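Structure data follow from data06.pdb (PDB, C-alpha atoms, pLDDT in the B column):
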ATOM      1  CA  MET A   1      -9.930 -20.406  -7.032  1.00 38.00           C
ATOM      2  CA  GLU A   2      -8.902 -17.411  -4.959  1.00 48.00           C
ATOM      3  CA  LYS A   3      -5.475 -15.967  -5.703  1.00 53.00           C
ATOM      4  CA  LYS A   4      -3.396 -15.501  -2.560  1.00 57.00           C
ATOM      5  CA  ASP A   5      -0.597 -12.962  -2.458  1.00 60.00           C
ATOM      6  CA  TRP A   6       0.699 -13.584   1.061  1.00 78.00           C
ATOM      7  CA  HIS A   7       3.955 -11.773   0.258  1.00 88.00           C
ATOM      8  CA  ILE A   8       2.057  -8.465  -0.010  1.00 89.00           C
ATOM      9  CA  VAL A   9       1.626  -7.056   3.494  1.00 90.00           C
ATOM     10  CA  PRO A  10      -0.578  -3.937   3.926  1.00 90.00           C
ATOM     11  CA  GLU A  11      -0.938  -2.355   7.358  1.00 90.00           C
ATOM     12  CA  CYS A  12      -4.494  -1.100   7.471  1.00 87.00           C
ATOM     13  CA  TYR A  13      -7.984  -2.212   6.467  1.00 89.00           C
ATOM     14  CA  VAL A  14      -8.476   0.408   3.756  1.00 94.00           C
ATOM     15  CA  ASP A  15      -4.919  -0.276   2.502  1.00 91.00           C
ATOM     16  CA  THR A  16      -5.853  -3.930   2.104  1.00 90.00           C
ATOM     17  CA  ASN A  17      -8.999  -3.003   0.170  1.00 92.00           C
ATOM     18  CA  LEU A  18      -7.045  -0.667  -2.150  1.00 94.00           C
ATOM     19  CA  VAL A  19      -4.180  -3.104  -2.745  1.00 92.00           C
ATOM     20  CA  GLU A  20      -6.561  -5.952  -3.530  1.00 90.00           C
ATOM     21  CA  PHE A  21      -8.340  -3.633  -5.997  1.00 91.00           C
ATOM     22  CA  LEU A  22      -5.102  -2.487  -7.657  1.00 92.00           C
ATOM     23  CA  ILE A  23      -3.546  -5.919  -8.115  1.00 89.00           C
ATOM     24  CA  THR A  24      -6.843  -7.771  -8.514  1.00 77.00           C
ATOM     25  CA  SER A  25      -5.999 -10.104  -5.659  1.00 63.00           C
ATOM     26  CA  HIS A  26      -8.474 -11.485  -3.210  1.00 61.00           C
ATOM     27  CA  SER A  27      -6.156 -12.216  -0.365  1.00 72.00           C
ATOM     28  CA  VAL A  28      -3.143 -10.295   0.831  1.00 82.00           C
ATOM     29  CA  ASN A  29      -1.391 -10.653   4.175  1.00 82.00           C
ATOM     30  CA  HIS A  30      -3.158  -7.912   6.164  1.00 80.00           C
ATOM     31  CA  GLN A  31      -1.429  -6.836   9.371  1.00 85.00           C
ATOM     32  CA  LYS A  32      -2.541  -4.234  11.900  1.00 88.00           C
ATOM     33  CA  GLY A  33      -0.036  -1.381  11.935  1.00 85.00           C
ATOM     34  CA  CYS A  34       3.411  -0.584  10.581  1.00 88.00           C
ATOM     35  CA  ASN A  35       5.172  -2.481  13.365  1.00 88.00           C
ATOM     36  CA  ALA A  36       3.211  -5.643  12.613  1.00 88.00           C
ATOM     37  CA  VAL A  37       4.038  -5.338   8.886  1.00 90.00           C
ATOM     38  CA  ALA A  38       7.752  -4.910   9.607  1.00 90.00           C
ATOM     39  CA  LYS A  39       7.763  -7.761  12.094  1.00 89.00           C
ATOM     40  CA  LYS A  40       5.930 -10.061   9.640  1.00 90.00           C
ATOM     41  CA  MET A  41       8.492  -9.302   6.942  1.00 92.00           C
ATOM     42  CA  LYS A  42      11.552  -9.490   9.202  1.00 91.00           C
ATOM     43  CA  GLU A  43      10.761 -12.411  11.470  1.00 87.00           C
ATOM     44  CA  SER A  44       8.279 -14.742   9.776  1.00 81.00           C
ATOM     45  CA  ASN A  45       8.495 -17.181   6.890  1.00 83.00           C
ATOM     46  CA  LEU A  46       8.844 -14.061   4.699  1.00 86.00           C
ATOM     47  CA  LYS A  47      12.252 -13.319   6.243  1.00 89.00           C
ATOM     48  CA  ASN A  48      14.210 -14.609   3.239  1.00 90.00           C
ATOM     49  CA  GLN A  49      11.369 -14.517   0.714  1.00 93.00           C
ATOM     50  CA  PHE A  50      10.205 -11.739  -1.582  1.00 94.00           C
ATOM     51  CA  ALA A  51       7.864  -9.346   0.261  1.00 94.00           C
ATOM     52  CA  ILE A  52       6.188  -5.972  -0.202  1.00 94.00           C
ATOM     53  CA  GLY A  53       5.057  -3.999   2.835  1.00 94.00           C
ATOM     54  CA  ILE A  54       2.570  -1.156   2.392  1.00 94.00           C
ATOM     55  CA  ILE A  55       2.907   1.299   5.271  1.00 94.00           C
ATOM     56  CA  ASP A  56       2.060   4.862   6.214  1.00 92.00           C
ATOM     57  CA  ASN A  57       4.827   7.377   6.770  1.00 92.00           C
ATOM     58  CA  ASP A  58       4.225   7.436  10.513  1.00 80.00           C
ATOM     59  CA  LYS A  59       6.348   9.639  12.750  1.00 78.00           C
ATOM     60  CA  ARG A  60       7.582   6.527  14.527  1.00 78.00           C
ATOM     61  CA  GLN A  61       8.811   3.877  12.122  1.00 79.00           C
ATOM     62  CA  HIS A  62       9.827   0.339  13.029  1.00 80.00           C
ATOM     63  CA  SER A  63      13.609  -0.044  13.271  1.00 88.00           C
ATOM     64  CA  TYR A  64      13.469  -2.449  10.307  1.00 89.00           C
ATOM     65  CA  VAL A  65      12.697   0.509   8.014  1.00 90.00           C
ATOM     66  CA  SER A  66      16.205   1.875   8.726  1.00 92.00           C
ATOM     67  CA  GLU A  67      17.618  -1.126   6.813  1.00 95.00           C
ATOM     68  CA  PHE A  68      15.979   0.174   3.608  1.00 96.00           C
ATOM     69  CA  THR A  69      17.076   2.738   1.035  1.00 96.00           C
ATOM     70  CA  GLU A  70      14.650   4.944  -0.861  1.00 97.00           C
ATOM     71  CA  ILE A  71      14.908   4.260  -4.576  1.00 96.00           C
ATOM     72  CA  ALA A  72      12.098   6.514  -5.857  1.00 97.00           C
ATOM     73  CA  HIS A  73       9.341   8.811  -4.643  1.00 96.00           C
ATOM     74  CA  SER A  74       6.439  10.983  -5.706  1.00 96.00           C
ATOM     75  CA  GLU A  75       4.316  13.422  -3.734  1.00 95.00           C
ATOM     76  CA  HIS A  76       2.660  10.659  -1.674  1.00 96.00           C
ATOM     77  CA  ILE A  77       4.519   7.432  -2.495  1.00 97.00           C
ATOM     78  CA  SER A  78       8.041   6.376  -1.549  1.00 97.00           C
ATOM     79  CA  LEU A  79       9.543   3.082  -2.663  1.00 97.00           C
ATOM     80  CA  LEU A  80      12.178   1.621  -0.380  1.00 97.00           C
ATOM     81  CA  LYS A  81      14.360  -1.447  -0.995  1.00 97.00           C
ATOM     82  CA  HIS A  82      16.092  -3.516   1.682  1.00 97.00           C
ATOM     83  CA  ARG A  83      19.861  -3.471   1.328  1.00 95.00           C
ATOM     84  CA  GLU A  84      20.181  -7.275   1.338  1.00 94.00           C
ATOM     85  CA  ARG A  85      16.789  -9.002   1.278  1.00 94.00           C
ATOM     86  CA  PRO A  86      14.225  -9.082  -1.541  1.00 96.00           C
ATOM     87  CA  HIS A  87      11.989  -6.810   0.546  1.00 97.00           C
ATOM     88  CA  TYR A  88      10.313  -3.552  -0.478  1.00 97.00           C
ATOM     89  CA  PHE A  89       8.283  -0.983   1.401  1.00 96.00           C
ATOM     90  CA  VAL A  90       5.752   1.181  -0.384  1.00 97.00           C
ATOM     91  CA  ARG A  91       5.382   4.068   2.058  1.00 96.00           C
ATOM     92  CA  ILE A  92       2.381   6.383   1.728  1.00 96.00           C
ATOM     93  CA  SER A  93       2.749   9.982   2.951  1.00 94.00           C
ATOM     94  CA  PRO A  94       1.470  11.213   5.201  1.00 94.00           C
ATOM     95  CA  ALA A  95      -0.950   8.270   5.473  1.00 93.00           C
ATOM     96  CA  MET A  96      -3.357   6.283   3.293  1.00 95.00           C
ATOM     97  CA  ASP A  97      -6.455   8.224   4.366  1.00 94.00           C
ATOM     98  CA  GLN A  98      -4.983  11.593   3.321  1.00 96.00           C
ATOM     99  CA  PHE A  99      -3.598  10.014   0.135  1.00 96.00           C
ATOM    100  CA  ILE A 100      -7.101   8.870  -0.838  1.00 96.00           C
ATOM    101  CA  LEU A 101      -8.586  12.292  -0.034  1.00 97.00           C
ATOM    102  CA  ASP A 102      -5.905  14.034  -2.118  1.00 96.00           C
ATOM    103  CA  CYS A 103      -6.471  11.682  -5.066  1.00 96.00           C
ATOM    104  CA  ALA A 104     -10.219  12.349  -4.830  1.00 97.00           C
ATOM    105  CA  ALA A 105      -9.582  16.112  -4.812  1.00 96.00           C
ATOM    106  CA  GLU A 106      -7.299  15.765  -7.869  1.00 94.00           C
ATOM    107  CA  GLN A 107     -10.103  13.979  -9.729  1.00 95.00           C
ATOM    108  CA  ASN A 108     -12.813  16.376  -8.410  1.00 96.00           C
ATOM    109  CA  ILE A 109     -14.587  13.450  -6.789  1.00 96.00           C
ATOM    110  CA  ASN A 110     -17.053  14.215  -4.018  1.00 96.00           C
ATOM    111  CA  LEU A 111     -16.773  11.568  -1.310  1.00 96.00           C
ATOM    112  CA  GLN A 112     -20.363  12.249  -0.260  1.00 96.00           C
ATOM    113  CA  ASP A 113     -21.375  10.640  -3.573  1.00 97.00           C
ATOM    114  CA  TYR A 114     -19.944   7.423  -2.079  1.00 97.00           C
ATOM    115  CA  ASP A 115     -21.567   7.929   1.314  1.00 97.00           C
ATOM    116  CA  LEU A 116     -18.144   8.718   2.806  1.00 96.00           C
ATOM    117  CA  PRO A 117     -17.211  11.675   5.022  1.00 96.00           C
ATOM    118  CA  THR A 118     -15.232  14.532   3.500  1.00 94.00           C
ATOM    119  CA  GLN A 119     -13.428  15.680   6.666  1.00 94.00           C
ATOM    120  CA  LEU A 120     -10.129  13.893   7.398  1.00 94.00           C
ATOM    121  CA  SER A 121     -10.934  13.065  11.043  1.00 95.00           C
ATOM    122  CA  GLU A 122     -14.266  11.446  10.160  1.00 96.00           C
ATOM    123  CA  PHE A 123     -12.852   9.802   7.041  1.00 95.00           C
ATOM    124  CA  THR A 124     -10.005   8.307   9.113  1.00 93.00           C
ATOM    125  CA  LYS A 125     -12.498   6.744  11.520  1.00 95.00           C
ATOM    126  CA  VAL A 126     -14.137   4.954   8.584  1.00 95.00           C
ATOM    127  CA  THR A 127     -10.800   3.831   7.055  1.00 93.00           C
ATOM    128  CA  LYS A 128      -9.601   2.406  10.395  1.00 91.00           C
ATOM    129  CA  ASP A 129     -12.754   0.342  10.897  1.00 90.00           C
ATOM    130  CA  VAL A 130     -12.369  -3.406  10.356  1.00 89.00           C
ATOM    131  CA  ASN A 131     -15.194  -3.254   7.792  1.00 91.00           C
ATOM    132  CA  ALA A 132     -13.132  -0.950   5.529  1.00 90.00           C
ATOM    133  CA  LYS A 133     -11.318  -4.027   4.221  1.00 89.00           C
ATOM    134  CA  ASP A 134     -14.373  -5.123   2.242  1.00 89.00           C
ATOM    135  CA  ASP A 135     -16.466  -1.931   2.227  1.00 93.00           C
ATOM    136  CA  HIS A 136     -18.246  -1.557  -1.125  1.00 94.00           C
ATOM    137  CA  ARG A 137     -18.127   2.254  -0.770  1.00 96.00           C
ATOM    138  CA  PHE A 138     -14.340   2.147  -0.993  1.00 96.00           C
ATOM    139  CA  LYS A 139     -14.418  -0.337  -3.855  1.00 93.00           C
ATOM    140  CA  SER A 140     -16.653   2.070  -5.802  1.00 96.00           C
ATOM    141  CA  LEU A 141     -14.479   5.044  -4.855  1.00 97.00           C
ATOM    142  CA  PHE A 142     -11.308   3.246  -5.992  1.00 96.00           C
ATOM    143  CA  LYS A 143     -12.880   2.582  -9.395  1.00 95.00           C
ATOM    144  CA  ALA A 144     -13.608   6.312  -9.692  1.00 96.00           C
ATOM    145  CA  LEU A 145     -10.067   7.190  -8.556  1.00 95.00           C
ATOM    146  CA  ASP A 146      -8.521   4.978 -11.230  1.00 89.00           C
ATOM    147  CA  GLY A 147      -7.667   8.052 -13.308  1.00 87.00           C
ATOM    148  CA  SER A 148      -5.596   9.623 -10.546  1.00 94.00           C
ATOM    149  CA  LYS A 149      -1.917   9.956 -11.420  1.00 94.00           C
ATOM    150  CA  GLU A 150      -0.704   8.552  -8.110  1.00 95.00           C
ATOM    151  CA  ILE A 151      -3.268   5.739  -7.977  1.00 95.00           C
ATOM    152  CA  ALA A 152      -2.066   4.714 -11.449  1.00 94.00           C
ATOM    153  CA  MET A 153       1.540   4.928 -10.266  1.00 96.00           C
ATOM    154  CA  LEU A 154       0.804   2.847  -7.181  1.00 96.00           C
ATOM    155  CA  ARG A 155      -0.913   0.224  -9.371  1.00 94.00           C
ATOM    156  CA  SER A 156       2.085   0.134 -11.743  1.00 95.00           C
ATOM    157  CA  VAL A 157       4.601  -0.207  -8.915  1.00 96.00           C
ATOM    158  CA  LEU A 158       2.650  -2.933  -7.102  1.00 94.00           C
ATOM    159  CA  ASN A 159       2.002  -4.909 -10.271  1.00 93.00           C
ATOM    160  CA  TYR A 160       5.629  -4.612 -11.402  1.00 95.00           C
ATOM    161  CA  LEU A 161       6.933  -5.778  -8.017  1.00 94.00           C
ATOM    162  CA  ASN A 162       4.355  -8.564  -7.800  1.00 92.00           C
ATOM    163  CA  ASP A 163       5.085  -9.779 -11.345  1.00 91.00           C
ATOM    164  CA  LYS A 164       8.898  -9.552 -11.231  1.00 93.00           C
ATOM    165  CA  GLN A 165       9.488 -10.365  -7.550  1.00 93.00           C
ATOM    166  CA  TYR A 166      13.125 -11.533  -7.325  1.00 94.00           C
ATOM    167  CA  LYS A 167      13.940 -10.080 -10.759  1.00 95.00           C
ATOM    168  CA  CYS A 168      13.031  -6.430 -10.107  1.00 95.00           C
ATOM    169  CA  ASP A 169      15.174  -3.850 -11.848  1.00 95.00           C
ATOM    170  CA  ILE A 170      15.726  -0.657  -9.848  1.00 95.00           C
ATOM    171  CA  ALA A 171      16.014   1.479 -13.000  1.00 96.00           C
ATOM    172  CA  GLU A 172      12.666   0.117 -14.268  1.00 96.00           C
ATOM    173  CA  LEU A 173      11.043   0.867 -10.920  1.00 96.00           C
ATOM    174  CA  GLN A 174      12.415   4.413 -10.978  1.00 96.00           C
ATOM    175  CA  LYS A 175      10.940   4.919 -14.475  1.00 96.00           C
ATOM    176  CA  LEU A 176       7.497   4.136 -13.057  1.00 95.00           C
ATOM    177  CA  PHE A 177       7.861   7.290 -10.944  1.00 94.00           C
ATOM    178  CA  GLY A 178       8.459   9.445 -14.030  1.00 85.00           C
TER     179      GLY A 178
END
Could you spell out this file's structure in structure tokens?
Amino acid sequence: MEKKDWHIVPECYVDTNLVEFLITSHSVNHQKGCNAVAKKMKESNLKNQFAIGIIDNDKRQHSYVSEFTEIAHSEHISLLKHRERPHYFVRISPAMDQFILDCAAEQNINLQDYDLPTQLSEFTKVTKDVNAKDDHRFKSLFKALDGSKEIAMLRSVLNYLNDKQYKCDIAELQKLFG
């Protein structure tokens, strides 16, 4: 039976693919864009439930993000906690496509080996395509990126939040960032 993690809300197709790989889930609550993620968390049945939004650090953020406080960060990953609700944002800087490219560079991985473009503009076109959600090229790339420090950190943070949900400890989350 397929495991559904509807409380995990990524904003982009490649984000969904990566999150499902990292937490070994087959169904997260994909939304299209940061505003849709924030709205889903703030106004839907998730309003008073535990939720994790995965968003890019876009120049224009939904007003809901202003209700959060950063509790930890790394070069590419910021973890934000809502002041009152059991809601978290995992914000990727500057955006997921650059994050993936930087992790590949750290690991000396050539994206051409995965039939993926190496230039950001072309890579972004592929990551924004609806097919990126299930694209086997990304699944293979994510397996190769597993040794990346920030991929490992993102996995740890997502799994901790997903496992603990309402019982998350801020100090434990901060430790995951080193």
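Shortest separation to A:Val157 among A:His73, A:His82, A:Lys128, A:His7 occurs at residue A:His73, atoms counted being only C-alpha atoms.
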*If we count all atoms listed in the file, what is near A:His136 at a cut-off of 12 Å, once residues fewer than 3 positions away on the same chain are taken out, given as a ChimeraX atom specification?*
/A:14,17-18,21,114-116,131-133,139-143
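When you apply the PyMOL selection byres ((chain A and resi 150) around 8) to this structure, what comes back is Ser74, His76, Ile77, Cys103, Ser148, Lys149, Ile151, Ala152, Met153 and Leu154 of chain A.
Candidate residues A:Cys168, A:Pro94, A:Gln49, A:Ala38 were compared for distance to A:Phe68, and the nearest is A:Ala38, using only C-alpha atoms.
Proximity ranking of A:Lys40, A:Lys125, A:Arg60, A:Lys32 relative to A:Asp97 places A:Lys125 first, based on all atoms listed in the file.
The nearest approach to A:Ser93 among the residues A:Gln107, A:Asn57, A:Ser63, A:Ser121, with all atoms listed in the file taken into account, belongs to A:Asn57.
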*So which residues touch A:Val65 within 12 Å, counting only C-alpha atoms, skipping near sequence neighbours fewer than 5 positions away, as an MDAnalysis selection string?*
chainID A and resid 34:35 37:39 41:42 53:58 60 70 79:83 87:91
*Test item: the PyMOL selection byres ((chain A and resi 28) around 12) resolved as a PyMOL selection string*: chain A and resi 2-13+15-27+29-31+37+51-54+133+162
_Just the number, please: distance in Å from atom CA of A:Thr124 to atom CA of A:Arg155, one decimal._
22.1 Å
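Distance check against A:Gly178 using all atoms listed in the file: of A:Ala144, A:Ala72, A:Ile109, A:Leu101, the minimum falls on A:Ala72.
Straight-line separation from atom CA of A:Lys175 to atom CA of A:Lys47: 27.6 Å.
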